[in-house]
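K.L.:
This structure is in structure tokens; I'll ask about it shortly.
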Amino acid sequence: MKTLRKLGIAIMLVSSQAFADGNSHFDVLAELDTGPGNVTATANGRIVMSQHQFYQPQYSVVEYTDHKLIPFPNHEWSAADSTAIIKLDSVLGIRSDANGTVWMLDNGMRSGVTPKLVGWNTKTDKLHRLIYLPTPIAPKDAFVNDFALDATHNHAFISDPAGGGNAALIVVNLYTGAARRVLEGHTSVVPENVDLIIDNVPIQVKTPTGELVRPHIGVNPITEDLANEWVYFGPMHGLSLYRVKAADLINESLTAQQLASRVERYSGKPISDGISIDKNNNIYLGDLANNAIGVIGKDRKYRQLAQCPRLSWVDSLSFGPDGLYAVVNRLHRSATLNGGDAQSKPPYYLLQVKALATGLPGR
């Protein structure tokens, strides 16, 4: 293996034979020494990853190119030490659209700033759109986490697990920048009373008083089918996946009760983080408790595609022109989720998953 370094970030180049263990459903494209957040790929194959804020990264977003990581879209926007008036603070959710715009969801939690959705045009290398999500759209305990892009309706649908009981979806009009908070407190977005236990160790958070509690996190995974008809979502700590029509989410004439009545339970699921979907409506997700990647088929049944110790918290999945990408970040061993004890160590991974069908780049 050969280590390359660029701007303080290292990657290990990995051959497909390096981890030959009989598991043919994924390949390790690169080993990373900083924990990734989410991943996206543009239609022309550029791979962009957020860097998870739990690890206090040097850059909030990076691009994987020529076997190295460079700040995205540039140092001024992405660096933690940047003095730019507008910059990225703590991005997790990241998606790209067919026009070459990479959209980055900045939760603002590292510096306590207003969350925002940033669209960067990779063709012109310029800012395309900047949409702030102030209170009460994103309340004080908001943790805007992931989102789906809808090209047909030109909207973004954001998952906010918030404090649990006030979890909600945020519907953003990408034309006007107007945003609404919907389904707050609905069964489809609030966490279930299930603990996440990985390798026999429960996920625990240390409170300011030193107490260890097992968090239950609300809506997190979210995606939309390629026809831009159905939005699929569910609580991270939950065993059900739900869906609602995008047309209903953007319909401002519907009352809260009417919208809630149009949400349907789609299938069962494991405790999971990010998800993606292919042209045949197979839904891919990380199976956190089992160090696995799974799929919910058109029969609405879940099954595992791959299980391996290396699949240690698959945080995000996203299609590119060459297939399905995913990242592994061992988040359960970070100090934040391990009771204040930092045990997460590299390597972290950028993966390519062998999907059952092709998908839409960026989704």
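By convention in this document, the chains of the structure tokens carry letters A, B, ... by their order, each chain's residues are numbered from 1, and ligands are numbered from 1 in the order they are shown.
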If you run DSSP on the backbone, which residues of region 12-250 of chain A are helix (DSSP H, G or I), as an MDAnalysis selection string?
P.N.:
chainID A and resid 53:55 75:78 246:249
K.L.:
I'd like the neighbourhood of region 177-186 of chain A as a PDB file with N, CA and C atoms, in the first residue's frame, where a residue qualifies if any of its atoms comes within 7 Å (using only C-alpha atoms), though same-chain residues fewer than 6 positions away should be ignored.
P.N.:
ATOM      1  N   ILE A 131     -29.245  29.138   1.164  1.00  0.00           N
ATOM      2  CA  ILE A 131     -30.546  29.209   1.814  1.00  0.00           C
ATOM      3  C   ILE A 131     -30.347  28.964   3.310  1.00  0.00           C
ATOM      4  N   ILE A 137     -37.856  27.269  11.723  1.00  0.00           N
ATOM      5  CA  ILE A 137     -37.727  26.182  10.746  1.00  0.00           C
ATOM      6  C   ILE A 137     -36.755  25.137  11.270  1.00  0.00           C
ATOM      7  N   GLY A 165     -38.745  13.951  20.187  1.00  0.00           N
ATOM      8  CA  GLY A 165     -40.191  14.157  20.137  1.00  0.00           C
ATOM      9  C   GLY A 165     -40.612  15.237  19.167  1.00  0.00           C
ATOM     10  N   ASN A 166     -39.712  16.170  18.857  1.00  0.00           N
ATOM     11  CA  ASN A 166     -40.024  17.235  17.894  1.00  0.00           C
ATOM     12  C   ASN A 166     -39.322  17.020  16.555  1.00  0.00           C
ATOM     13  N   ALA A 167     -38.950  15.792  16.268  1.00  0.00           N
ATOM     14  CA  ALA A 167     -38.362  15.480  14.957  1.00  0.00           C
ATOM     15  C   ALA A 167     -39.342  15.853  13.859  1.00  0.00           C
ATOM     16  N   ALA A 168     -38.807  16.173  12.672  1.00  0.00           N
ATOM     17  CA  ALA A 168     -39.668  16.647  11.584  1.00  0.00           C
ATOM     18  C   ALA A 168     -38.929  16.565  10.261  1.00  0.00           C
ATOM     19  N   LEU A 169     -39.657  16.763   9.189  1.00  0.00           N
ATOM     20  CA  LEU A 169     -39.078  17.018   7.878  1.00  0.00           C
ATOM     21  C   LEU A 169     -39.151  18.512   7.599  1.00  0.00           C
ATOM     22  N   ILE A 170     -38.168  19.006   6.859  1.00  0.00           N
ATOM     23  CA  ILE A 170     -38.167  20.403   6.433  1.00  0.00           C
ATOM     24  C   ILE A 170     -38.255  20.419   4.908  1.00  0.00           C
ATOM     25  N   VAL A 171     -39.246  21.119   4.388  1.00  0.00           N
ATOM     26  CA  VAL A 171     -39.482  21.203   2.946  1.00  0.00           C
ATOM     27  C   VAL A 171     -38.977  22.549   2.461  1.00  0.00           C
ATOM     28  N   ALA A 256     -51.937  19.925   8.543  1.00  0.00           N
ATOM     29  CA  ALA A 256     -51.004  18.980   9.158  1.00  0.00           C
ATOM     30  C   ALA A 256     -51.635  17.599   9.272  1.00  0.00           C
ATOM     31  N   ALA A 260     -50.390  14.176   7.373  1.00  0.00           N
ATOM     32  CA  ALA A 260     -50.068  13.004   8.201  1.00  0.00           C
ATOM     33  C   ALA A 260     -50.852  11.777   7.736  1.00  0.00           C
TER      34      ALA A 260
END
K.L.:
Would you tabulate, counting only C-alpha atoms, all residues of region 232-302 of chain A that have an atom at most 10 Å from an atom of region 199-211 of chain A, showing the closest pair of atoms and their distance in Å to one decimal, sorted by chain then ascending number, as a Markdown table?
P.N.:
| residue | atom | partner | partner_atom | distance |
| --- | --- | --- | --- | --- |
| A:Ala289 | CA | A:Asp199 | CA | 7.6 |
| A:Asn290 | CA | A:Asp199 | CA | 8.0 |
| A:Asn291 | CA | A:Asp199 | CA | 8.5 |
K.L.:
Tell me, in Å to one decimal, how far CA of Tyr284 (chain A) is from CA of Thr187 (chain A).
P.N.:
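Separating CA of Tyr284 (chain A) from CA of Thr187 (chain A) is a distance of 22.1 Å.
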K.L.:
Mind running region 194-276 of chain A against region 314-319 of chain A at 8 Å and telling me each contacting residue's nearest atom pair with the distance in Å (one decimal), counting only C-alpha atoms, chain and number ascending, as CSV?
P.N.:
residue,atom,partner,partner_atom,distance
A:Asp273,CA,A:Asp315,CA,5.4
A:Gly274,CA,A:Ser316,CA,4.3
A:Ile275,CA,A:Leu317,CA,5.6
A:Ser276,CA,A:Leu317,CA,5.6
K.L.:
Generate the output file for the selected residues, N, CA, C and O atoms, as a short mmCIF file (atom, residue, chain, number, x, y, z; two decimals), in the first residue's frame.
P.N.:
data_model
loop_
_atom_site.label_atom_id
_atom_site.label_comp_id
_atom_site.auth_asym_id
_atom_site.auth_seq_id
_atom_site.Cartn_x
_atom_site.Cartn_y
_atom_site.Cartn_z
N ASP A 273 -28.65 4.62 9.10
CA ASP A 273 -28.29 6.01 8.89
C ASP A 273 -28.71 6.39 7.47
O ASP A 273 -29.88 6.38 7.15
N GLY A 274 -27.77 6.66 6.55
CA GLY A 274 -28.13 7.09 5.21
C GLY A 274 -28.69 5.97 4.35
O GLY A 274 -28.44 4.79 4.59
N ILE A 275 -29.48 6.34 3.33
CA ILE A 275 -30.05 5.38 2.39
C ILE A 275 -29.96 5.93 0.97
O ILE A 275 -29.77 7.13 0.75
N SER A 276 -30.10 5.02 0.00
CA SER A 276 -30.15 5.40 -1.41
C SER A 276 -31.12 4.46 -2.12
O SER A 276 -31.60 3.48 -1.53
#
K.L.:
Find, counting only C-alpha atoms, the residue in A:His216, A:Lys126, A:Lys116, A:Arg243 that gets nearest to Phe72 (chain A).
P.N.:
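Of the candidates, the smallest distance to Phe72 (chain A) is held by A:Lys126.
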K.L.:
Which of these, A:Phe26, A:Tyr242, A:Tyr348, A:Tyr59, has the shortest distance to Lys87 (chain A) once you count only C-alpha atoms?
P.N.:
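The closest residue to Lys87 (chain A) is A:Tyr59.
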K.L.:
Quick one: residues within 8 Å of Leu259 (chain A), only C-alpha atoms counted, chain neighbours fewer than 3 positions away excluded, as a PyMOL selection string?
P.N.:
chain A and resi 183+248-249+254-256+262-263
K.L.:
Write the residues you've just listed into a file as a CSV table (one decimal), in the first residue's frame, and include N, CA and C atoms for each of them.
P.N.:
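Writing done, so here's selection27.csv:
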chain,number,residue,atom,x,y,z
A,183,LEU,N,-44.8,17.5,9.5
A,183,LEU,CA,-44.8,16.2,10.2
A,183,LEU,C,-44.1,16.1,11.5
A,248,ASP,N,-47.4,15.7,-2.1
A,248,ASP,CA,-48.1,16.1,-0.9
A,248,ASP,C,-47.3,16.9,0.0
A,249,LEU,N,-46.0,16.6,0.1
A,249,LEU,CA,-45.1,17.4,0.9
A,249,LEU,C,-45.0,18.8,0.5
A,254,LEU,N,-52.5,21.5,2.2
A,254,LEU,CA,-52.9,20.4,3.1
A,254,LEU,C,-52.7,20.8,4.5
A,255,THR,N,-53.6,20.5,5.4
A,255,THR,CA,-53.4,20.7,6.8
A,255,THR,C,-52.4,19.7,7.3
A,256,ALA,N,-51.9,19.9,8.5
A,256,ALA,CA,-51.0,19.0,9.2
A,256,ALA,C,-51.6,17.6,9.3
A,262,ARG,N,-51.5,10.9,4.8
A,262,ARG,CA,-51.1,10.4,3.6
A,262,ARG,C,-49.7,9.8,3.7
A,263,VAL,N,-49.1,9.7,4.9
A,263,VAL,CA,-47.9,9.0,5.1
A,263,VAL,C,-48.3,7.5,5.3
K.L.:
Select, from A:Ser261, A:Asn173, A:Asn74, A:Gln343, the residue with the minimum atom-to-atom distance to Leu117 (chain A), counting only C-alpha atoms.
P.N.:
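Between A:Ser261, A:Asn173, A:Asn74, A:Gln343, the residue approaching Leu117 (chain A) most closely is A:Asn173.
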K.L.:
CA of Phe157 (chain A) and CA of Arg46 (chain A) are how many Å apart?
P.N.:
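The value is 23.2 Å.
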K.L.:
May I ask which of the residues A:Ser240, A:Ile198, A:Pro134, A:Ala357 is the closest one to Pro321 (chain A), counting only C-alpha atoms?
P.N.:
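Among the listed residues, the smallest separation from Pro321 (chain A) belongs to A:Ala357.
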K.L.:
So, counting only C-alpha atoms, which residue among A:Asp160, A:Asp27, A:Asp106, A:Asp225 is closest to Gly359 (chain A)?
P.N.:
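Counting only C-alpha atoms, the residue closest to Gly359 (chain A) is A:Asp225.
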K.L.:
For region 141-143 of chain A, please output as a ChimeraX atom specification all residues within 9 Å (counting only C-alpha atoms; exclusion window: fewer than 6 positions along the same chain).
P.N.:
/A:107-109,115,159-163,167
K.L.:
For Thr42 (chain A), which residue out of A:Ala79, A:Ile94, A:Ala227, A:Leu88 is the nearest one, using only C-alpha atoms?
P.N.:
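Using only C-alpha atoms, the shortest distance to Thr42 (chain A) belongs to A:Ile94.
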K.L.:
Quick one: residues within 8 Å of Ser272 (chain A), only C-alpha atoms counted, chain neighbours fewer than 6 positions away excluded, as number ranges by chain?
P.N.:
A: 221, 236-237, 285-288
K.L.:
Print the selection's residues with all heavy atoms to a file, as an mmCIF file, in the first residue's frame.
P.N.:
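Written output follows (out01.cif):
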data_model
loop_
_atom_site.group_PDB
_atom_site.id
_atom_site.type_symbol
_atom_site.label_atom_id
_atom_site.label_comp_id
_atom_site.auth_asym_id
_atom_site.auth_seq_id
_atom_site.Cartn_x
_atom_site.Cartn_y
_atom_site.Cartn_z
ATOM 1 N N PRO A 221 -32.432 8.775 7.853
ATOM 2 C CA PRO A 221 -32.356 8.338 6.450
ATOM 3 C C PRO A 221 -33.514 8.880 5.632
ATOM 4 O O PRO A 221 -34.669 8.841 6.055
ATOM 5 C CB PRO A 221 -32.412 6.806 6.563
ATOM 6 C CG PRO A 221 -33.095 6.529 7.865
ATOM 7 C CD PRO A 221 -32.678 7.651 8.776
ATOM 8 N N MET A 236 -33.847 7.031 12.582
ATOM 9 C CA MET A 236 -32.643 6.208 12.681
ATOM 10 C C MET A 236 -32.878 5.074 13.682
ATOM 11 O O MET A 236 -32.670 3.898 13.369
ATOM 12 C CB MET A 236 -31.458 7.067 13.118
ATOM 13 C CG MET A 236 -30.186 6.268 13.345
ATOM 14 S SD MET A 236 -28.819 7.357 13.783
ATOM 15 C CE MET A 236 -27.693 6.174 14.488
ATOM 16 N N HIS A 237 -33.298 5.434 14.888
ATOM 17 C CA HIS A 237 -33.662 4.433 15.888
ATOM 18 C C HIS A 237 -35.121 4.049 15.660
ATOM 19 O O HIS A 237 -36.035 4.521 16.341
ATOM 20 C CB HIS A 237 -33.455 4.972 17.303
ATOM 21 C CG HIS A 237 -32.032 4.968 17.742
ATOM 22 N ND1 HIS A 237 -31.106 5.859 17.256
ATOM 23 C CD2 HIS A 237 -31.361 4.184 18.626
ATOM 24 C CE1 HIS A 237 -29.929 5.628 17.825
ATOM 25 N NE2 HIS A 237 -30.059 4.610 18.646
ATOM 26 N N LEU A 285 -29.241 0.487 2.411
ATOM 27 C CA LEU A 285 -29.018 1.150 3.678
ATOM 28 C C LEU A 285 -27.957 0.420 4.492
ATOM 29 O O LEU A 285 -27.687 -0.766 4.285
ATOM 30 C CB LEU A 285 -30.314 1.233 4.484
ATOM 31 C CG LEU A 285 -31.000 -0.068 4.924
ATOM 32 C CD1 LEU A 285 -31.997 0.226 6.028
ATOM 33 C CD2 LEU A 285 -31.751 -0.723 3.761
ATOM 34 N N GLY A 286 -27.356 1.169 5.400
ATOM 35 C CA GLY A 286 -26.426 0.567 6.328
ATOM 36 C C GLY A 286 -27.187 -0.083 7.471
ATOM 37 O O GLY A 286 -28.125 0.504 8.026
ATOM 38 N N ASP A 287 -26.811 -1.275 7.830
ATOM 39 C CA ASP A 287 -27.411 -2.024 8.939
ATOM 40 C C ASP A 287 -26.430 -1.899 10.101
ATOM 41 O O ASP A 287 -25.504 -2.699 10.250
ATOM 42 C CB ASP A 287 -27.606 -3.480 8.503
ATOM 43 C CG ASP A 287 -28.309 -4.337 9.532
ATOM 44 O OD1 ASP A 287 -28.353 -3.932 10.711
ATOM 45 O OD2 ASP A 287 -28.797 -5.421 9.160
ATOM 46 N N LEU A 288 -26.612 -0.875 10.932
ATOM 47 C CA LEU A 288 -25.574 -0.475 11.874
ATOM 48 C C LEU A 288 -25.283 -1.529 12.929
ATOM 49 O O LEU A 288 -24.122 -1.793 13.246
ATOM 50 C CB LEU A 288 -25.975 0.848 12.545
ATOM 51 C CG LEU A 288 -26.183 2.045 11.615
ATOM 52 C CD1 LEU A 288 -26.477 3.297 12.430
ATOM 53 C CD2 LEU A 288 -24.986 2.264 10.712
#
K.L.:
Neighbours of Asp150 (chain A) within 12 Å (only C-alpha atoms; same-chain residues fewer than 3 positions away dropped), as a compact mmCIF listing (two decimals) with all heavy atoms, in the first residue's frame?
P.N.:
# COMPACT_ATOMS: atom_id res chain seq x y z
N ARG A 95 -25.53 16.17 -1.45
CA ARG A 95 -26.12 15.57 -2.64
C ARG A 95 -25.74 16.41 -3.86
O ARG A 95 -25.36 17.57 -3.73
CB ARG A 95 -27.66 15.54 -2.53
CG ARG A 95 -28.20 14.72 -1.36
CD ARG A 95 -28.03 13.24 -1.58
NE ARG A 95 -28.48 12.45 -0.44
CZ ARG A 95 -28.32 11.14 -0.34
NH1 ARG A 95 -27.74 10.47 -1.33
NH2 ARG A 95 -28.73 10.48 0.71
N SER A 96 -25.83 15.82 -5.05
CA SER A 96 -25.57 16.57 -6.27
C SER A 96 -26.73 16.39 -7.23
O SER A 96 -27.47 15.39 -7.15
CB SER A 96 -24.26 16.12 -6.93
OG SER A 96 -24.29 14.74 -7.24
N ASP A 97 -26.90 17.35 -8.13
CA ASP A 97 -28.01 17.27 -9.08
C ASP A 97 -27.49 17.11 -10.50
O ASP A 97 -26.28 17.13 -10.76
CB ASP A 97 -28.95 18.48 -8.94
CG ASP A 97 -28.29 19.82 -9.29
OD1 ASP A 97 -27.30 19.83 -10.06
OD2 ASP A 97 -28.75 20.85 -8.80
N ALA A 98 -28.42 16.98 -11.43
CA ALA A 98 -28.05 16.71 -12.82
C ALA A 98 -27.36 17.89 -13.48
O ALA A 98 -26.73 17.72 -14.54
CB ALA A 98 -29.30 16.33 -13.61
N TRP A 103 -24.96 20.12 -3.50
CA TRP A 103 -25.70 20.75 -2.41
C TRP A 103 -25.18 20.21 -1.08
O TRP A 103 -25.05 19.00 -0.90
CB TRP A 103 -27.19 20.46 -2.54
CG TRP A 103 -27.81 21.10 -3.74
CD1 TRP A 103 -27.88 20.58 -5.01
CD2 TRP A 103 -28.44 22.37 -3.79
NE1 TRP A 103 -28.52 21.46 -5.85
CE2 TRP A 103 -28.88 22.57 -5.12
CE3 TRP A 103 -28.70 23.37 -2.84
CZ2 TRP A 103 -29.55 23.72 -5.52
CZ3 TRP A 103 -29.37 24.51 -3.23
CH2 TRP A 103 -29.78 24.68 -4.56
N PHE A 147 -30.79 14.83 3.39
CA PHE A 147 -31.86 15.39 2.58
C PHE A 147 -31.95 14.69 1.24
O PHE A 147 -31.02 13.99 0.81
CB PHE A 147 -31.67 16.90 2.38
CG PHE A 147 -30.43 17.28 1.60
CD1 PHE A 147 -30.51 17.67 0.28
CD2 PHE A 147 -29.18 17.28 2.20
CE1 PHE A 147 -29.38 18.04 -0.45
CE2 PHE A 147 -28.05 17.65 1.50
CZ PHE A 147 -28.14 18.02 0.18
N HIS A 153 -39.84 18.86 -8.84
CA HIS A 153 -40.53 19.92 -8.10
C HIS A 153 -39.58 21.01 -7.63
O HIS A 153 -40.02 22.00 -7.06
CB HIS A 153 -41.24 19.31 -6.89
CG HIS A 153 -42.22 18.23 -7.24
ND1 HIS A 153 -41.93 16.87 -7.14
CD2 HIS A 153 -43.49 18.30 -7.70
CE1 HIS A 153 -42.97 16.16 -7.49
NE2 HIS A 153 -43.94 16.99 -7.85
N ASN A 154 -38.28 20.84 -7.86
CA ASN A 154 -37.25 21.79 -7.43
C ASN A 154 -37.35 22.10 -5.94
O ASN A 154 -37.37 23.25 -5.52
CB ASN A 154 -37.30 23.08 -8.25
CG ASN A 154 -35.93 23.76 -8.28
OD1 ASN A 154 -34.89 23.12 -8.35
ND2 ASN A 154 -35.94 25.08 -8.20
N HIS A 155 -37.39 21.03 -5.16
CA HIS A 155 -37.45 21.13 -3.71
C HIS A 155 -36.38 20.25 -3.09
O HIS A 155 -35.88 19.32 -3.73
CB HIS A 155 -38.82 20.70 -3.18
CG HIS A 155 -39.84 21.79 -3.19
ND1 HIS A 155 -40.37 22.31 -4.35
CD2 HIS A 155 -40.47 22.44 -2.16
CE1 HIS A 155 -41.27 23.23 -4.05
NE2 HIS A 155 -41.34 23.34 -2.72
N ALA A 156 -36.05 20.53 -1.85
CA ALA A 156 -35.24 19.65 -1.02
C ALA A 156 -36.06 19.24 0.18
O ALA A 156 -36.83 20.05 0.74
CB ALA A 156 -33.96 20.36 -0.57
N PHE A 157 -35.92 17.99 0.57
CA PHE A 157 -36.63 17.46 1.73
C PHE A 157 -35.58 17.03 2.76
O PHE A 157 -34.81 16.09 2.53
CB PHE A 157 -37.51 16.28 1.32
CG PHE A 157 -38.46 16.60 0.20
CD1 PHE A 157 -38.35 15.95 -1.02
CD2 PHE A 157 -39.45 17.56 0.34
CE1 PHE A 157 -39.21 16.25 -2.07
CE2 PHE A 157 -40.32 17.87 -0.69
CZ PHE A 157 -40.20 17.21 -1.90
N ILE A 158 -35.55 17.73 3.89
CA ILE A 158 -34.50 17.58 4.88
C ILE A 158 -35.02 16.81 6.09
O ILE A 158 -36.14 17.07 6.57
CB ILE A 158 -33.99 18.96 5.34
CG1 ILE A 158 -33.36 19.72 4.16
CG2 ILE A 158 -33.00 18.84 6.49
CD1 ILE A 158 -33.01 21.16 4.48
N VAL A 171 -39.25 21.12 4.39
CA VAL A 171 -39.48 21.20 2.95
C VAL A 171 -38.98 22.55 2.46
O VAL A 171 -39.43 23.60 2.93
CB VAL A 171 -40.99 21.05 2.63
CG1 VAL A 171 -41.23 21.16 1.14
CG2 VAL A 171 -41.51 19.71 3.17
N VAL A 172 -38.01 22.54 1.54
CA VAL A 172 -37.37 23.77 1.08
C VAL A 172 -37.64 23.96 -0.42
O VAL A 172 -37.35 23.07 -1.23
CB VAL A 172 -35.85 23.74 1.31
CG1 VAL A 172 -35.21 25.06 0.86
CG2 VAL A 172 -35.53 23.47 2.77
N ASN A 173 -38.20 25.11 -0.78
CA ASN A 173 -38.39 25.48 -2.17
C ASN A 173 -37.07 26.05 -2.70
O ASN A 173 -36.62 27.10 -2.24
CB ASN A 173 -39.51 26.52 -2.29
CG ASN A 173 -39.86 26.84 -3.73
OD1 ASN A 173 -38.98 26.96 -4.58
ND2 ASN A 173 -41.15 27.01 -4.00
N LEU A 174 -36.43 25.35 -3.62
CA LEU A 174 -35.12 25.78 -4.10
C LEU A 174 -35.20 26.98 -5.03
O LEU A 174 -34.18 27.62 -5.32
CB LEU A 174 -34.41 24.61 -4.79
CG LEU A 174 -34.11 23.41 -3.89
CD1 LEU A 174 -33.45 22.30 -4.70
CD2 LEU A 174 -33.24 23.80 -2.70
N TYR A 175 -36.41 27.31 -5.53
CA TYR A 175 -36.59 28.52 -6.32
C TYR A 175 -36.56 29.75 -5.41
O TYR A 175 -35.84 30.72 -5.65
CB TYR A 175 -37.93 28.50 -7.06
CG TYR A 175 -37.96 27.65 -8.30
CD1 TYR A 175 -38.88 26.61 -8.42
CD2 TYR A 175 -37.11 27.90 -9.38
CE1 TYR A 175 -38.94 25.82 -9.56
CE2 TYR A 175 -37.16 27.12 -10.53
CZ TYR A 175 -38.08 26.08 -10.61
OH TYR A 175 -38.13 25.30 -11.74
N ILE A 222 -33.19 9.40 4.43
CA ILE A 222 -34.22 9.93 3.55
C ILE A 222 -33.73 9.85 2.11
O ILE A 222 -32.55 10.10 1.83
CB ILE A 222 -34.59 11.38 3.94
CG1 ILE A 222 -35.79 11.88 3.12
CG2 ILE A 222 -33.40 12.33 3.80
CD1 ILE A 222 -36.39 13.18 3.66
N THR A 223 -34.61 9.46 1.20
CA THR A 223 -34.30 9.43 -0.23
C THR A 223 -35.60 9.56 -1.00
O THR A 223 -36.69 9.55 -0.42
CB THR A 223 -33.53 8.15 -0.61
OG1 THR A 223 -33.00 8.30 -1.93
CG2 THR A 223 -34.42 6.92 -0.56
N GLU A 224 -35.49 9.66 -2.31
CA GLU A 224 -36.67 9.78 -3.18
C GLU A 224 -36.46 8.93 -4.41
O GLU A 224 -35.34 8.80 -4.91
CB GLU A 224 -36.88 11.25 -3.58
CG GLU A 224 -38.17 11.48 -4.35
CD GLU A 224 -38.39 12.95 -4.70
OE1 GLU A 224 -37.41 13.72 -4.69
OE2 GLU A 224 -39.54 13.31 -5.00
N ASP A 225 -37.55 8.31 -4.88
CA ASP A 225 -37.40 7.46 -6.07
C ASP A 225 -37.03 8.29 -7.29
O ASP A 225 -37.13 9.52 -7.29
CB ASP A 225 -38.65 6.62 -6.30
CG ASP A 225 -39.89 7.44 -6.62
OD1 ASP A 225 -39.77 8.55 -7.17
OD2 ASP A 225 -41.00 6.97 -6.33
N LEU A 226 -36.56 7.61 -8.32
CA LEU A 226 -36.04 8.32 -9.49
C LEU A 226 -37.12 9.02 -10.29
O LEU A 226 -36.83 9.90 -11.10
CB LEU A 226 -35.25 7.35 -10.39
CG LEU A 226 -33.77 7.17 -10.02
CD1 LEU A 226 -33.59 6.61 -8.62
CD2 LEU A 226 -33.08 6.27 -11.03
N ALA A 227 -38.38 8.65 -10.06
CA ALA A 227 -39.49 9.33 -10.72
C ALA A 227 -39.90 10.58 -9.96
O ALA A 227 -40.80 11.30 -10.40
CB ALA A 227 -40.68 8.38 -10.84
N ASN A 228 -39.24 10.85 -8.84
CA ASN A 228 -39.58 12.00 -7.98
C ASN A 228 -41.05 11.96 -7.56
O ASN A 228 -41.73 12.99 -7.50
CB ASN A 228 -39.26 13.33 -8.68
CG ASN A 228 -37.78 13.51 -8.91
OD1 ASN A 228 -36.98 13.31 -8.01
ND2 ASN A 228 -37.41 13.84 -10.14
N GLU A 229 -41.52 10.75 -7.26
CA GLU A 229 -42.90 10.58 -6.82
C GLU A 229 -42.99 10.35 -5.32
O GLU A 229 -43.75 11.04 -4.63
CB GLU A 229 -43.55 9.41 -7.55
CG GLU A 229 -45.00 9.17 -7.14
CD GLU A 229 -45.64 7.98 -7.84
OE1 GLU A 229 -44.91 7.22 -8.52
OE2 GLU A 229 -46.87 7.81 -7.68
N TRP A 230 -42.21 9.39 -4.80
CA TRP A 230 -42.29 9.02 -3.39
C TRP A 230 -41.01 9.39 -2.65
O TRP A 230 -39.91 9.12 -3.13
CB TRP A 230 -42.50 7.52 -3.24
CG TRP A 230 -43.86 7.02 -3.67
CD1 TRP A 230 -44.17 6.45 -4.87
CD2 TRP A 230 -45.06 7.04 -2.90
NE1 TRP A 230 -45.50 6.10 -4.89
CE2 TRP A 230 -46.08 6.45 -3.70
CE3 TRP A 230 -45.38 7.48 -1.61
CZ2 TRP A 230 -47.39 6.30 -3.26
CZ3 TRP A 230 -46.68 7.34 -1.17
CH2 TRP A 230 -47.68 6.76 -1.97
N VAL A 231 -41.16 9.97 -1.48
CA VAL A 231 -40.06 10.25 -0.57
C VAL A 231 -40.09 9.19 0.53
O VAL A 231 -41.12 9.00 1.19
CB VAL A 231 -40.17 11.66 0.05
CG1 VAL A 231 -39.02 11.91 1.03
CG2 VAL A 231 -40.16 12.72 -1.06
N LYS A 245 -45.90 10.97 -0.74
CA LYS A 245 -45.69 11.53 -2.07
C LYS A 245 -45.07 12.92 -1.97
O LYS A 245 -45.47 13.74 -1.14
CB LYS A 245 -47.00 11.57 -2.85
CG LYS A 245 -47.46 10.20 -3.31
CD LYS A 245 -48.62 10.29 -4.29
CE LYS A 245 -48.94 8.90 -4.85
NZ LYS A 245 -50.06 8.93 -5.82
N ALA A 246 -44.11 13.18 -2.85
CA ALA A 246 -43.47 14.49 -2.88
C ALA A 246 -44.49 15.58 -3.16
O ALA A 246 -44.42 16.68 -2.58
CB ALA A 246 -42.36 14.51 -3.94
N ALA A 247 -45.45 15.28 -4.01
CA ALA A 247 -46.48 16.27 -4.33
C ALA A 247 -47.28 16.67 -3.09
O ALA A 247 -47.74 17.81 -2.98
CB ALA A 247 -47.42 15.72 -5.40
N LEU A 249 -45.97 16.59 0.05
CA LEU A 249 -45.07 17.36 0.91
C LEU A 249 -45.01 18.83 0.50
O LEU A 249 -44.89 19.71 1.36
CB LEU A 249 -43.66 16.76 0.88
CG LEU A 249 -43.40 15.51 1.71
CD1 LEU A 249 -41.98 15.02 1.50
CD2 LEU A 249 -43.66 15.76 3.20
N ILE A 250 -45.07 19.08 -0.79
CA ILE A 250 -44.95 20.47 -1.24
C ILE A 250 -46.31 21.18 -1.33
O ILE A 250 -46.35 22.38 -1.62
CB ILE A 250 -44.24 20.55 -2.61
CG1 ILE A 250 -45.11 19.95 -3.72
CG2 ILE A 250 -42.89 19.86 -2.54
CD1 ILE A 250 -44.53 20.17 -5.11
N LEU A 360 -29.39 6.99 -10.01
CA LEU A 360 -29.19 8.36 -10.48
C LEU A 360 -28.00 8.97 -9.78
O LEU A 360 -27.99 9.02 -8.54
CB LEU A 360 -30.45 9.18 -10.23
CG LEU A 360 -30.42 10.64 -10.68
CD1 LEU A 360 -30.41 10.71 -12.21
CD2 LEU A 360 -31.63 11.39 -10.13
N GLY A 362 -25.72 11.15 -7.70
CA GLY A 362 -26.06 12.15 -6.69
C GLY A 362 -27.15 11.71 -5.74
O GLY A 362 -27.37 12.35 -4.72
N ARG A 363 -27.83 10.61 -6.06
CA ARG A 363 -28.93 10.16 -5.20
C ARG A 363 -28.58 8.86 -4.51
O ARG A 363 -28.02 7.98 -5.11
CB ARG A 363 -30.21 9.98 -6.03
CG ARG A 363 -31.41 9.56 -5.18
CD ARG A 363 -32.71 9.77 -5.91
NE ARG A 363 -32.87 11.17 -6.27
CZ ARG A 363 -33.92 11.65 -6.94
NH1 ARG A 363 -34.88 10.84 -7.33
NH2 ARG A 363 -34.00 12.93 -7.23
K.L.:
List as an MDAnalysis selection string the protein and nucleic acid residues near Thr122 (chain A), meaning an atom at most 8 Å away when only C-alpha atoms are counted, but skip any in the same chain fewer than 2 places from it.
P.N.:
chainID A and resid 100:102 120 124:126
K.L.:
Record the distance separating CA of Ser90 (chain A) and CA of Ala355 (chain A), expressed in Å with one decimal.
P.N.:
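For CA of Ser90 (chain A) relative to CA of Ala355 (chain A), the distance reads 29.6 Å.
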